[in-house]
file my_file_24.pdb (PDB, C-alpha atoms)
ATOM      1  CA  MET A 660     126.674 137.088   8.770
ATOM      2  CA  GLN A 661     128.991 138.714  11.277
ATOM      3  CA  GLN A 662     127.212 141.325  13.405
ATOM      4  CA  ARG A 663     128.365 144.736  14.593
ATOM      5  CA  SER A 664     126.926 147.292  16.975
ATOM      6  CA  LEU A 665     125.208 150.453  15.825
ATOM      7  CA  GLY A 666     123.992 152.437  18.793
ATOM      8  CA  GLY A 667     123.586 149.269  20.822
ATOM      9  CA  THR A 668     121.603 147.558  18.046
ATOM     10  CA  HIS A 669     123.212 144.604  16.301
ATOM     11  CA  VAL A 670     123.273 144.880  12.505
ATOM     12  CA  SER A 671     125.028 143.015   9.724
ATOM     13  CA  ALA A 672     128.706 143.854   9.307
ATOM     14  CA  ILE A 673     127.996 144.683   5.654
ATOM     15  CA  GLY A 674     125.123 147.022   4.822
ATOM     16  CA  LEU A 675     123.450 147.972   1.554
ATOM     17  CA  GLY A 676     123.745 151.454   0.071
ATOM     18  CA  GLY A 677     120.610 152.360  -1.854
ATOM     19  CA  MET A 678     121.800 155.335  -3.914
ATOM     20  CA  PRO A 679     122.607 153.502  -7.217
ATOM     21  CA  MET A 680     119.002 152.344  -7.431
ATOM     22  CA  SER A 681     117.608 155.876  -7.603
ATOM     23  CA  ILE A 682     120.012 158.309  -9.280
ATOM     24  CA  GLU A 683     121.140 158.623 -12.896
ATOM     25  CA  GLY A 684     121.648 155.288 -14.622
ATOM     26  CA  ARG A 685     119.354 153.502 -12.210
ATOM     27  CA  PRO A 686     117.800 150.142 -13.094
ATOM     28  CA  ASP A 687     114.079 149.522 -13.373
ATOM     29  CA  GLU A 688     112.120 149.112 -10.161
ATOM     30  CA  GLU A 689     111.768 145.347 -10.522
ATOM     31  CA  ARG A 690     115.530 144.806 -10.554
ATOM     32  CA  SER A 691     116.017 147.200  -7.669
ATOM     33  CA  ILE A 692     113.520 145.322  -5.538
ATOM     34  CA  ARG A 693     115.217 142.039  -6.414
ATOM     35  CA  THR A 694     118.509 143.606  -5.337
ATOM     36  CA  ILE A 695     117.102 144.625  -1.960
ATOM     37  CA  HIS A 696     115.537 141.205  -1.462
ATOM     38  CA  ALA A 697     118.851 139.548  -2.388
ATOM     39  CA  ALA A 698     120.565 141.643   0.274
ATOM     40  CA  LEU A 699     118.098 140.467   2.900
ATOM     41  CA  GLU A 700     118.529 136.849   1.808
ATOM     42  CA  ALA A 701     122.304 137.285   2.202
ATOM     43  CA  GLY A 702     121.869 138.408   5.804
ATOM     44  CA  VAL A 703     122.051 142.177   5.358
ATOM     45  CA  THR A 704     120.075 143.947   8.091
ATOM     46  CA  LEU A 705     121.246 147.539   7.511
ATOM     47  CA  ILE A 706     120.054 149.568   4.524
ATOM     48  CA  ASP A 707     121.288 153.118   3.971
ATOM     49  CA  THR A 708     119.317 155.716   2.042
ATOM     50  CA  ALA A 709     118.631 159.469   1.918
ATOM     51  CA  ASP A 710     115.840 161.749   0.781
ATOM     52  CA  ALA A 711     118.284 163.161  -1.798
ATOM     53  CA  TYR A 712     118.725 159.812  -3.541
ATOM     54  CA  HIS A 713     116.603 160.614  -6.558
ATOM     55  CA  ARG A 714     117.108 161.757 -10.130
ATOM     56  CA  ASP A 715     114.396 164.290 -10.979
ATOM     57  CA  ALA A 716     113.369 167.339  -8.966
ATOM     58  CA  ASN A 717     109.814 166.096  -8.454
ATOM     59  CA  GLU A 718     110.746 162.731  -6.909
ATOM     60  CA  VAL A 719     112.418 163.612  -3.607
ATOM     61  CA  GLY A 720     112.615 160.481  -1.473
ATOM     62  CA  HIS A 721     112.543 158.085  -4.440
ATOM     63  CA  ASN A 722     114.965 155.678  -2.760
ATOM     64  CA  GLU A 723     113.169 155.786   0.588
ATOM     65  CA  THR A 724     109.882 154.920  -1.130
ATOM     66  CA  LEU A 725     111.583 152.133  -3.089
ATOM     67  CA  ILE A 726     113.073 150.586   0.044
ATOM     68  CA  ALA A 727     109.750 150.765   1.887
ATOM     69  CA  LYS A 728     108.056 148.998  -1.030
ATOM     70  CA  ALA A 729     110.752 146.315  -1.164
ATOM     71  CA  LEU A 730     110.519 145.618   2.565
ATOM     72  CA  ALA A 731     106.719 145.460   2.414
ATOM     73  CA  SER A 732     106.855 142.952  -0.468
ATOM     74  CA  TYR A 733     109.525 140.739   1.075
ATOM     75  CA  GLY A 734     108.213 137.234   1.592
ATOM     76  CA  SER A 735     109.711 136.826   5.059
ATOM     77  CA  ASP A 736     109.713 138.921   8.222
ATOM     78  CA  ALA A 737     111.569 142.208   7.677
ATOM     79  CA  THR A 738     110.951 143.735  11.103
ATOM     80  CA  GLY A 739     114.611 143.312  12.090
ATOM     81  CA  ILE A 740     115.914 145.459   9.233
ATOM     82  CA  LEU A 741     117.386 148.812  10.289
ATOM     83  CA  VAL A 742     116.878 151.560   7.712
ATOM     84  CA  ALA A 743     119.128 154.602   8.020
ATOM     85  CA  THR A 744     118.283 157.753   6.107
ATOM     86  CA  LYS A 745     119.712 161.246   5.831
ATOM     87  CA  GLY A 746     118.624 164.849   5.373
ATOM     88  CA  GLY A 747     120.193 168.213   4.662
ATOM     89  CA  HIS A 748     121.541 167.448   1.180
ATOM     90  CA  LEU A 749     119.354 168.325  -1.808
ATOM     91  CA  ARG A 750     119.249 167.632  -5.547
ATOM     92  CA  PRO A 751     117.467 170.364  -7.522
ATOM     93  CA  GLY A 752     117.104 167.982 -10.466
ATOM     94  CA  ASP A 753     119.873 169.358 -12.685
ATOM     95  CA  GLY A 754     122.495 166.928 -11.424
ATOM     96  CA  SER A 755     123.858 169.304  -8.777
ATOM     97  CA  TRP A 756     123.880 168.905  -5.010
ATOM     98  CA  THR A 757     123.078 171.680  -2.523
ATOM     99  CA  GLN A 758     122.816 171.912   1.280
ATOM    100  CA  ASN A 759     120.176 173.082   3.728
ATOM    101  CA  GLY A 760     121.101 172.639   7.373
ATOM    102  CA  HIS A 761     118.482 174.982   8.813
ATOM    103  CA  PRO A 762     116.928 173.303  11.864
ATOM    104  CA  ASP A 763     113.342 173.891  10.717
ATOM    105  CA  TYR A 764     114.103 172.350   7.351
ATOM    106  CA  LEU A 765     115.801 169.297   8.862
ATOM    107  CA  LYS A 766     112.825 168.658  11.128
ATOM    108  CA  GLU A 767     110.411 168.887   8.205
ATOM    109  CA  ALA A 768     112.642 166.663   6.072
ATOM    110  CA  ALA A 769     112.864 164.012   8.796
ATOM    111  CA  LYS A 770     109.104 163.890   9.206
ATOM    112  CA  ALA A 771     108.663 163.591   5.444
ATOM    113  CA  SER A 772     111.191 160.729   5.388
ATOM    114  CA  LEU A 773     109.327 158.988   8.194
ATOM    115  CA  LYS A 774     106.103 159.228   6.231
ATOM    116  CA  ARG A 775     107.731 157.616   3.199
ATOM    117  CA  LEU A 776     109.496 154.885   5.180
ATOM    118  CA  GLY A 777     106.566 154.137   7.455
ATOM    119  CA  GLY A 778     106.614 153.023  11.064
ATOM    120  CA  ASP A 779     106.581 154.904  14.345
ATOM    121  CA  ALA A 780     110.070 156.434  14.090
ATOM    122  CA  ILE A 781     113.111 156.522  11.795
ATOM    123  CA  ASP A 782     115.657 153.951  12.968
ATOM    124  CA  LEU A 783     118.685 156.164  12.267
ATOM    125  CA  TYR A 784     118.634 159.733  10.940
ATOM    126  CA  GLN A 785     121.875 161.342   9.831
ATOM    127  CA  TYR A 786     122.742 164.948   8.986
ATOM    128  CA  HIS A 787     123.853 164.430   5.404
ATOM    129  CA  ARG A 788     126.386 167.192   4.752
ATOM    130  CA  PRO A 789     127.325 170.367   6.680
ATOM    131  CA  ASP A 790     125.787 173.625   5.461
ATOM    132  CA  THR A 791     128.392 176.382   5.731
ATOM    133  CA  GLU A 792     125.601 178.966   5.968
ATOM    134  CA  VAL A 793     124.233 177.470   9.216
ATOM    135  CA  PRO A 794     126.131 176.972  12.494
ATOM    136  CA  TYR A 795     126.878 173.260  12.829
ATOM    137  CA  GLU A 796     125.589 173.154  16.392
ATOM    138  CA  ASP A 797     122.228 174.531  15.240
ATOM    139  CA  SER A 798     121.823 171.792  12.633
ATOM    140  CA  ILE A 799     122.732 169.079  15.128
ATOM    141  CA  GLY A 800     120.337 170.690  17.584
ATOM    142  CA  ALA A 801     117.529 169.752  15.212
ATOM    143  CA  LEU A 802     118.574 166.088  15.478
ATOM    144  CA  LYS A 803     118.553 166.408  19.262
ATOM    145  CA  ASP A 804     114.996 167.722  19.135
ATOM    146  CA  LEU A 805     113.956 164.901  16.794
ATOM    147  CA  LEU A 806     115.434 162.384  19.230
ATOM    148  CA  ASP A 807     113.683 163.957  22.185
ATOM    149  CA  GLU A 808     110.384 164.064  20.293
ATOM    150  CA  GLY A 809     110.652 160.407  19.286
ATOM    151  CA  VAL A 810     110.623 161.104  15.542
ATOM    152  CA  ILE A 811     113.971 159.296  15.262
ATOM    153  CA  ARG A 812     115.431 156.511  17.403
ATOM    154  CA  MET A 813     119.116 157.254  16.750
ATOM    155  CA  ALA A 814     121.141 160.144  15.345
ATOM    156  CA  GLY A 815     124.243 160.248  13.185
ATOM    157  CA  ILE A 816     126.243 162.570  10.955
ATOM    158  CA  SER A 817     127.854 162.294   7.543
ATOM    159  CA  ASN A 818     130.788 163.937   5.785
ATOM    160  CA  ALA A 819     132.163 165.112   9.135
ATOM    161  CA  THR A 820     135.557 166.013  10.581
ATOM    162  CA  VAL A 821     136.837 164.827  13.957
ATOM    163  CA  ASP A 822     136.011 168.240  15.401
ATOM    164  CA  GLN A 823     132.458 168.017  14.072
ATOM    165  CA  ILE A 824     132.096 164.526  15.526
ATOM    166  CA  ARG A 825     133.054 165.891  18.952
ATOM    167  CA  LYS A 826     130.682 168.847  18.597
ATOM    168  CA  ALA A 827     127.796 166.679  17.439
ATOM    169  CA  ASN A 828     128.213 164.224  20.293
ATOM    170  CA  GLN A 829     128.296 167.094  22.771
ATOM    171  CA  VAL A 830     125.113 168.656  21.385
ATOM    172  CA  LEU A 831     123.436 165.244  21.383
ATOM    173  CA  ASP A 832     124.402 164.638  25.013
ATOM    174  CA  GLY A 833     126.587 161.676  24.108
ATOM    175  CA  ARG A 834     123.956 160.068  21.867
ATOM    176  CA  LEU A 835     125.812 160.207  18.537
ATOM    177  CA  VAL A 836     125.836 156.644  17.188
ATOM    178  CA  SER A 837     127.280 156.877  13.668
ATOM    179  CA  VAL A 838     129.538 158.764  11.281
ATOM    180  CA  GLN A 839     129.172 158.171   7.555
ATOM    181  CA  ASN A 840     132.196 159.374   5.549
ATOM    182  CA  GLN A 841     133.688 158.466   2.217
ATOM    183  CA  PHE A 842     136.418 155.845   2.595
ATOM    184  CA  SER A 843     137.959 153.405   0.125
ATOM    185  CA  PRO A 844     141.379 152.369  -1.232
ATOM    186  CA  ALA A 845     141.238 155.461  -3.453
ATOM    187  CA  PHE A 846     139.939 157.841  -0.788
ATOM    188  CA  ARG A 847     141.636 157.495   2.590
ATOM    189  CA  SER A 848     141.450 161.049   3.937
ATOM    190  CA  SER A 849     138.939 159.973   6.602
ATOM    191  CA  GLU A 850     141.412 157.694   8.377
ATOM    192  CA  ASP A 851     141.462 160.077  11.368
ATOM    193  CA  GLU A 852     137.675 159.980  11.640
ATOM    194  CA  LEU A 853     137.631 156.195  11.298
ATOM    195  CA  ARG A 854     140.230 155.888  14.050
ATOM    196  CA  TYR A 855     138.420 158.337  16.325
ATOM    197  CA  CYS A 856     135.155 156.434  15.933
ATOM    198  CA  GLY A 857     136.916 153.172  16.730
ATOM    199  CA  GLU A 858     138.386 154.653  19.891
ATOM    200  CA  ASN A 859     135.048 156.061  21.031
ATOM    201  CA  GLY A 860     132.656 153.264  20.132
ATOM    202  CA  ILE A 861     130.893 155.175  17.341
ATOM    203  CA  ALA A 862     129.896 153.229  14.232
ATOM    204  CA  PHE A 863     131.838 154.341  11.147
ATOM    205  CA  LEU A 864     129.930 153.724   7.902
ATOM    206  CA  PRO A 865     132.190 154.114   4.847
ATOM    207  CA  TRP A 866     130.219 155.324   1.847
ATOM    208  CA  SER A 867     131.494 154.365  -1.601
ATOM    209  CA  PRO A 868     133.682 151.763   0.165
ATOM    210  CA  LEU A 869     134.603 150.208  -3.184
ATOM    211  CA  GLY A 870     135.474 153.514  -4.857
ATOM    212  CA  GLY A 871     132.096 154.620  -6.179
ATOM    213  CA  ILE A 872     129.622 153.571  -8.849
ATOM    214  CA  GLN A 873     131.955 154.136 -11.792
ATOM    215  CA  LYS A 874     135.108 152.682 -10.249
ATOM    216  CA  ALA A 875     134.012 149.748  -8.072
ATOM    217  CA  GLY A 876     134.139 147.255 -10.931
ATOM    218  CA  GLY A 877     137.753 148.096 -11.748
ATOM    219  CA  LEU A 878     139.039 148.076  -8.179
ATOM    220  CA  GLY A 879     141.373 145.135  -8.786
ATOM    221  CA  GLU A 880     142.863 146.788 -11.865
ATOM    222  CA  HIS A 881     143.607 150.068 -10.127
ATOM    223  CA  PHE A 882     144.826 148.498  -6.871
ATOM    224  CA  THR A 883     146.750 145.368  -7.777
ATOM    225  CA  ALA A 884     147.434 144.369  -4.162
ATOM    226  CA  PHE A 885     143.706 143.815  -3.681
ATOM    227  CA  GLN A 886     143.546 141.669  -6.818
ATOM    228  CA  GLN A 887     146.578 139.615  -5.797
ATOM    229  CA  ILE A 888     145.158 138.855  -2.364
ATOM    230  CA  ALA A 889     141.756 138.143  -3.924
ATOM    231  CA  ASP A 890     143.361 135.594  -6.249
ATOM    232  CA  LYS A 891     145.081 133.967  -3.276
ATOM    233  CA  HIS A 892     141.745 133.532  -1.472
ATOM    234  CA  GLY A 893     139.714 132.726  -4.570
ATOM    235  CA  VAL A 894     137.348 135.670  -4.079
ATOM    236  CA  SER A 895     136.680 139.026  -5.730
ATOM    237  CA  PRO A 896     138.858 142.081  -5.016
ATOM    238  CA  GLN A 897     135.685 143.805  -3.850
ATOM    239  CA  GLN A 898     135.306 141.209  -1.086
ATOM    240  CA  VAL A 899     138.929 141.742  -0.090
ATOM    241  CA  CYS A 900     138.371 145.493   0.058
ATOM    242  CA  LEU A 901     135.356 145.207   2.347
ATOM    243  CA  ALA A 902     137.081 142.627   4.563
ATOM    244  CA  TRP A 903     140.066 144.984   4.859
ATOM    245  CA  GLU A 904     137.807 147.832   5.937
ATOM    246  CA  LEU A 905     136.120 145.599   8.514
ATOM    247  CA  ALA A 906     139.543 144.743   9.910
ATOM    248  CA  LEU A 907     140.511 148.391  10.468
ATOM    249  CA  ALA A 908     138.248 148.820  13.505
ATOM    250  CA  PRO A 909     135.419 146.867  15.165
ATOM    251  CA  THR A 910     133.120 149.842  14.629
ATOM    252  CA  VAL A 911     133.429 149.886  10.813
ATOM    253  CA  ILE A 912     130.290 148.888   8.873
ATOM    254  CA  PRO A 913     130.760 149.346   5.101
ATOM    255  CA  ILE A 914     127.645 150.173   3.068
ATOM    256  CA  PRO A 915     128.482 149.266  -0.557
ATOM    257  CA  GLY A 916     125.947 150.508  -3.068
ATOM    258  CA  ALA A 917     124.370 148.009  -5.426
ATOM    259  CA  SER A 918     121.865 147.918  -8.253
ATOM    260  CA  ARG A 919     122.172 144.208  -9.107
ATOM    261  CA  PRO A 920     121.458 141.218  -6.854
ATOM    262  CA  GLU A 921     124.822 139.673  -7.762
ATOM    263  CA  SER A 922     126.735 142.706  -6.499
ATOM    264  CA  ILE A 923     125.323 142.756  -2.982
ATOM    265  CA  GLN A 924     125.469 138.959  -2.740
ATOM    266  CA  ASP A 925     129.199 139.103  -3.451
ATOM    267  CA  SER A 926     129.756 142.012  -1.050
ATOM    268  CA  ALA A 927     127.894 140.267   1.762
ATOM    269  CA  GLN A 928     130.379 137.380   1.678
ATOM    270  CA  ALA A 929     133.167 139.736   2.782
ATOM    271  CA  SER A 930     131.903 139.297   6.323
ATOM    272  CA  ASP A 931     133.295 135.748   6.329
ATOM    273  CA  LEU A 932     136.665 136.556   4.744
ATOM    274  CA  GLN A 933     139.529 136.483   7.231
ATOM    275  CA  LEU A 934     142.657 138.382   6.228
ATOM    276  CA  SER A 935     146.015 137.882   7.904
ATOM    277  CA  ALA A 936     147.789 140.692   9.728
ATOM    278  CA  ASP A 937     150.366 140.796   6.913
ATOM    279  CA  GLU A 938     147.646 141.092   4.277
ATOM    280  CA  ILE A 939     145.950 143.908   6.175
ATOM    281  CA  GLU A 940     149.265 145.746   6.395
ATOM    282  CA  ILE A 941     149.891 145.306   2.658
ATOM    283  CA  LEU A 942     146.431 146.633   1.793
ATOM    284  CA  SER A 943     146.701 149.517   4.242
ATOM    285  CA  THR A 944     149.860 150.760   2.556
ATOM    286  CA  ALA A 945     148.889 149.944  -1.049
ATOM    287  CA  ASP A 946     148.615 152.737  -3.587
TER
END

call {"tool": "encode", "arguments": {"input": "my_file_24.pdb", "output": "structure tokens"}}
result
Amino acid sequence: MQQRSLGGTHVSAIGLGGMPMSIEGRPDEERSIRTIHAALEAGVTLIDTADAYHRDANEVGHNETLIAKALASYGSDATGILVATKGGHLRPGDGSWTQNGHPDYLKEAAKASLKRLGGDAIDLYQYHRPDTEVPYEDSIGALKDLLDEGVIRMAGISNATVDQIRKANQVLDGRLVSVQNQFSPAFRSSEDELRYCGENGIAFLPWSPLGGIQKAGGLGEHFTAFQQIADKHGVSPQQVCLAWELALAPTVIPIPGASRPESIQDSAQASDLQLSADEIEILSTAD
């Protein structure tokens, strides 16, 4: 699989988003582990998770624990897999999402994530979503401390504006390696952030790059240009979508979620799909 740089570490151009395997509607554990193993077999070396990827209030870190179990049970060497997790977003268990960006909380959350994932340090830790009750610089300061203490190897942010990217990189003394924002054919409001990351060598990780759990399967129906180009190449519209995102900047690393082996196997093939300049232009202006 094509490789891209994330903080100086080479990872697969297509990652795996773990959320669908742990929230509402999730599959059984056996299928989830097969999905993770299928991703590894397809060449995926980046797995994205978060402590908030769970369903019930008493199972914080469900997805982190699942990923750790899948990596431990993988038949081949999994030491080259980079696991990225996040903190600062919470699920009380009633289906809602809340925020806690207090530095003390983020430090505790990171250490709890490390315990679940195992190892000496978290590969990449990302501030999940800004807390309007806490100064942004204070929250990012917690990531700086975690870096300096060796709890995490790399730091990133999620759901951020260009201004927040600049602020975070300043607080981190130039050590910000990733920005994880929503981006897909249906949600393009992070084009400025994607462009800024491309210009500054920061990895941009689109979450829900296919439109989200409920809409990914119908991508070709809602965006006919993607289906037409998919038919021309003999591939799925989902592959076309991911290949288009890869073409937007060399720092883009999509992380499509999956809960079936077949889904991530199909997504992984987008790394090899070459789109023409005309096709990229058509997809970039499609609505």

call {"tool": "closest_residue", "arguments": {"input": "my_file_24.pdb", "among": "A:Thr708, A:Ser849, A:Gln662, A:Thr694", "to": "Gly677 (chain A)", "atoms": "all atoms listed in the file"}}
result
A:Thr708

call {"tool": "closest_residue", "arguments": {"input": "my_file_24.pdb", "among": "A:Ser943, A:Gln841, A:Leu864, A:Gly815", "to": "Ile912 (chain A)", "atoms": "only C-alpha atoms"}}
result
A:Leu864

call {"tool": "atom_distance", "arguments": {"input": "my_file_24.pdb", "atom1": "CA of Ile939 (chain A)", "atom2": "CA of Trp903 (chain A)"}}
result
6.1 Å

call {"tool": "residues_around", "arguments": {"input": "my_file_24.pdb", "residues": "Leu853 (chain A)", "least_positions_apart": "5", "cutoff": "10 Å", "atoms": "all atoms listed in the file", "output": "ChimeraX atom specification"}}
result
/A:821,838-840,842,847-848,858,861-865,904,907-908,910-911

call {"tool": "resolve_selection", "arguments": {"input": "my_file_24.pdb", "expression": "the PyMOL selection byres ((chain A and resi 816) around 9)", "output": "PyMOL selection string"}}
result
chain A and resi 745+784-789+799+814-815+817-819+823-824+827+835-840

call {"tool": "resolve_selection", "arguments": {"input": "my_file_24.pdb", "expression": "the PyMOL selection byres ((chain A and resi 812) around 8)", "output": "list in words"}}
result
Ala780, Ile781, Asp782, Leu783, Tyr784, Leu806, Gly809, Val810, Ile811, Met813 and Ala814 of chain A

call {"tool": "write_last_selection", "arguments": {"input": "my_file_24.pdb", "atoms": "C-alpha atoms", "output": "mmCIF file, keeping the file's coordinate frame"}}
result
data_model
loop_
_atom_site.group_PDB
_atom_site.id
_atom_site.type_symbol
_atom_site.label_atom_id
_atom_site.label_comp_id
_atom_site.auth_asym_id
_atom_site.auth_seq_id
_atom_site.Cartn_x
_atom_site.Cartn_y
_atom_site.Cartn_z
ATOM 1 C CA ALA A 780 110.070 156.434 14.090
ATOM 2 C CA ILE A 781 113.111 156.522 11.795
ATOM 3 C CA ASP A 782 115.657 153.951 12.968
ATOM 4 C CA LEU A 783 118.685 156.164 12.267
ATOM 5 C CA TYR A 784 118.634 159.733 10.940
ATOM 6 C CA LEU A 806 115.434 162.384 19.230
ATOM 7 C CA GLY A 809 110.652 160.407 19.286
ATOM 8 C CA VAL A 810 110.623 161.104 15.542
ATOM 9 C CA ILE A 811 113.971 159.296 15.262
ATOM 10 C CA MET A 813 119.116 157.254 16.750
ATOM 11 C CA ALA A 814 121.141 160.144 15.345
#

call {"tool": "resolve_selection", "arguments": {"input": "my_file_24.pdb", "expression": "the PyMOL selection byres ((chain A and resi 844) around 9)", "output": "CSV table (one decimal) with C-alpha atoms, keeping the file's coordinate frame"}}
result
chain,number,residue,atom,x,y,z
A,842,PHE,CA,136.4,155.8,2.6
A,843,SER,CA,138.0,153.4,0.1
A,845,ALA,CA,141.2,155.5,-3.5
A,846,PHE,CA,139.9,157.8,-0.8
A,847,ARG,CA,141.6,157.5,2.6
A,868,PRO,CA,133.7,151.8,0.2
A,869,LEU,CA,134.6,150.2,-3.2
A,870,GLY,CA,135.5,153.5,-4.9
A,878,LEU,CA,139.0,148.1,-8.2
A,882,PHE,CA,144.8,148.5,-6.9
A,900,CYS,CA,138.4,145.5,0.1
A,942,LEU,CA,146.4,146.6,1.8
A,943,SER,CA,146.7,149.5,4.2
A,945,ALA,CA,148.9,149.9,-1.0
A,946,ASP,CA,148.6,152.7,-3.6

call {"tool": "closest_residue", "arguments": {"input": "my_file_24.pdb", "among": "A:Leu905, A:Val830, A:Ala917, A:Val703", "to": "Gln873 (chain A)", "atoms": "all atoms listed in the file"}}
result
A:Ala917

call {"tool": "atom_distance", "arguments": {"input": "my_file_24.pdb", "atom1": "CA of Ala727 (chain A)", "atom2": "CA of Val670 (chain A)"}}
result
18.2 Å

call {"tool": "closest_residue", "arguments": {"input": "my_file_24.pdb", "among": "A:Arg690, A:Lys874, A:Arg714, A:Arg834", "to": "Trp756 (chain A)", "atoms": "all atoms listed in the file"}}
result
A:Arg714

call {"tool": "closest_residue", "arguments": {"input": "my_file_24.pdb", "among": "A:Val742, A:Leu805, A:Ala927, A:Ile872", "to": "Ala709 (chain A)", "atoms": "all atoms listed in the file"}}
result
A:Val742

call {"tool": "axis_aligned_box", "arguments": {"input": "my_file_24.pdb", "around": "region 694-710 of chain A", "padding_each_side": "8 Å", "output": "lines of an AutoDock Vina configuration file"}}
result
center_x = 118.9
center_y = 149.3
center_z = 1.4
size_x = 22.8
size_y = 40.9
size_z = 29.4

call {"tool": "atom_distance", "arguments": {"input": "my_file_24.pdb", "atom1": "CA of Glu852 (chain A)", "atom2": "CA of Asp822 (chain A)"}}
result
9.2 Å

call {"tool": "residues_around", "arguments": {"input": "my_file_24.pdb", "residues": "Arg775 (chain A)", "least_positions_apart": "2", "cutoff": "7 Å", "atoms": "all atoms listed in the file", "output": "list of chain:residue names"}}
result
A:Glu723, A:Thr724, A:Ala771, A:Ser772, A:Leu773, A:Gly777

call {"tool": "closest_residue", "arguments": {"input": "my_file_24.pdb", "among": "A:Ala769, A:Leu934, A:Leu802, A:Ala906", "to": "Gly720 (chain A)", "atoms": "all atoms listed in the file"}}
result
A:Ala769

call {"tool": "residues_around", "arguments": {"input": "my_file_24.pdb", "residues": "Leu932 (chain A)", "least_positions_apart": "6", "cutoff": "8 Å", "atoms": "only C-alpha atoms", "output": "PDB file with C-alpha atoms, keeping the file's coordinate frame"}}
result
ATOM      1  CA  GLN A 898     135.306 141.209  -1.086  1.00  0.00           C
ATOM      2  CA  VAL A 899     138.929 141.742  -0.090  1.00  0.00           C
ATOM      3  CA  ALA A 902     137.081 142.627   4.563  1.00  0.00           C
TER       4      ALA A 902
END

call {"tool": "residues_around", "arguments": {"input": "my_file_24.pdb", "residues": "Arg750 (chain A)", "least_positions_apart": "6", "cutoff": "9 Å", "atoms": "all atoms listed in the file", "output": "PDB file with C-alpha atoms, in the coordinates of the input"}}
result
ATOM      1  CA  ALA A 711     118.284 163.161  -1.798  1.00  0.00           C
ATOM      2  CA  TYR A 712     118.725 159.812  -3.541  1.00  0.00           C
ATOM      3  CA  HIS A 713     116.603 160.614  -6.558  1.00  0.00           C
ATOM      4  CA  ARG A 714     117.108 161.757 -10.130  1.00  0.00           C
ATOM      5  CA  ASP A 715     114.396 164.290 -10.979  1.00  0.00           C
ATOM      6  CA  ALA A 716     113.369 167.339  -8.966  1.00  0.00           C
ATOM      7  CA  VAL A 719     112.418 163.612  -3.607  1.00  0.00           C
ATOM      8  CA  TRP A 756     123.880 168.905  -5.010  1.00  0.00           C
ATOM      9  CA  THR A 757     123.078 171.680  -2.523  1.00  0.00           C
ATOM     10  CA  GLN A 758     122.816 171.912   1.280  1.00  0.00           C
TER      11      GLN A 758
END

call {"tool": "residues_around", "arguments": {"input": "my_file_24.pdb", "residues": "Asp797 (chain A)", "least_positions_apart": "4", "cutoff": "8 Å", "atoms": "only C-alpha atoms", "output": "mmCIF file with C-alpha atoms, in the frame of the given file"}}
result
data_model
loop_
_atom_site.group_PDB
_atom_site.id
_atom_site.type_symbol
_atom_site.label_atom_id
_atom_site.label_comp_id
_atom_site.auth_asym_id
_atom_site.auth_seq_id
_atom_site.Cartn_x
_atom_site.Cartn_y
_atom_site.Cartn_z
ATOM 1 C CA HIS A 761 118.482 174.982 8.813
ATOM 2 C CA PRO A 762 116.928 173.303 11.864
ATOM 3 C CA VAL A 793 124.233 177.470 9.216
ATOM 4 C CA ALA A 801 117.529 169.752 15.212
#
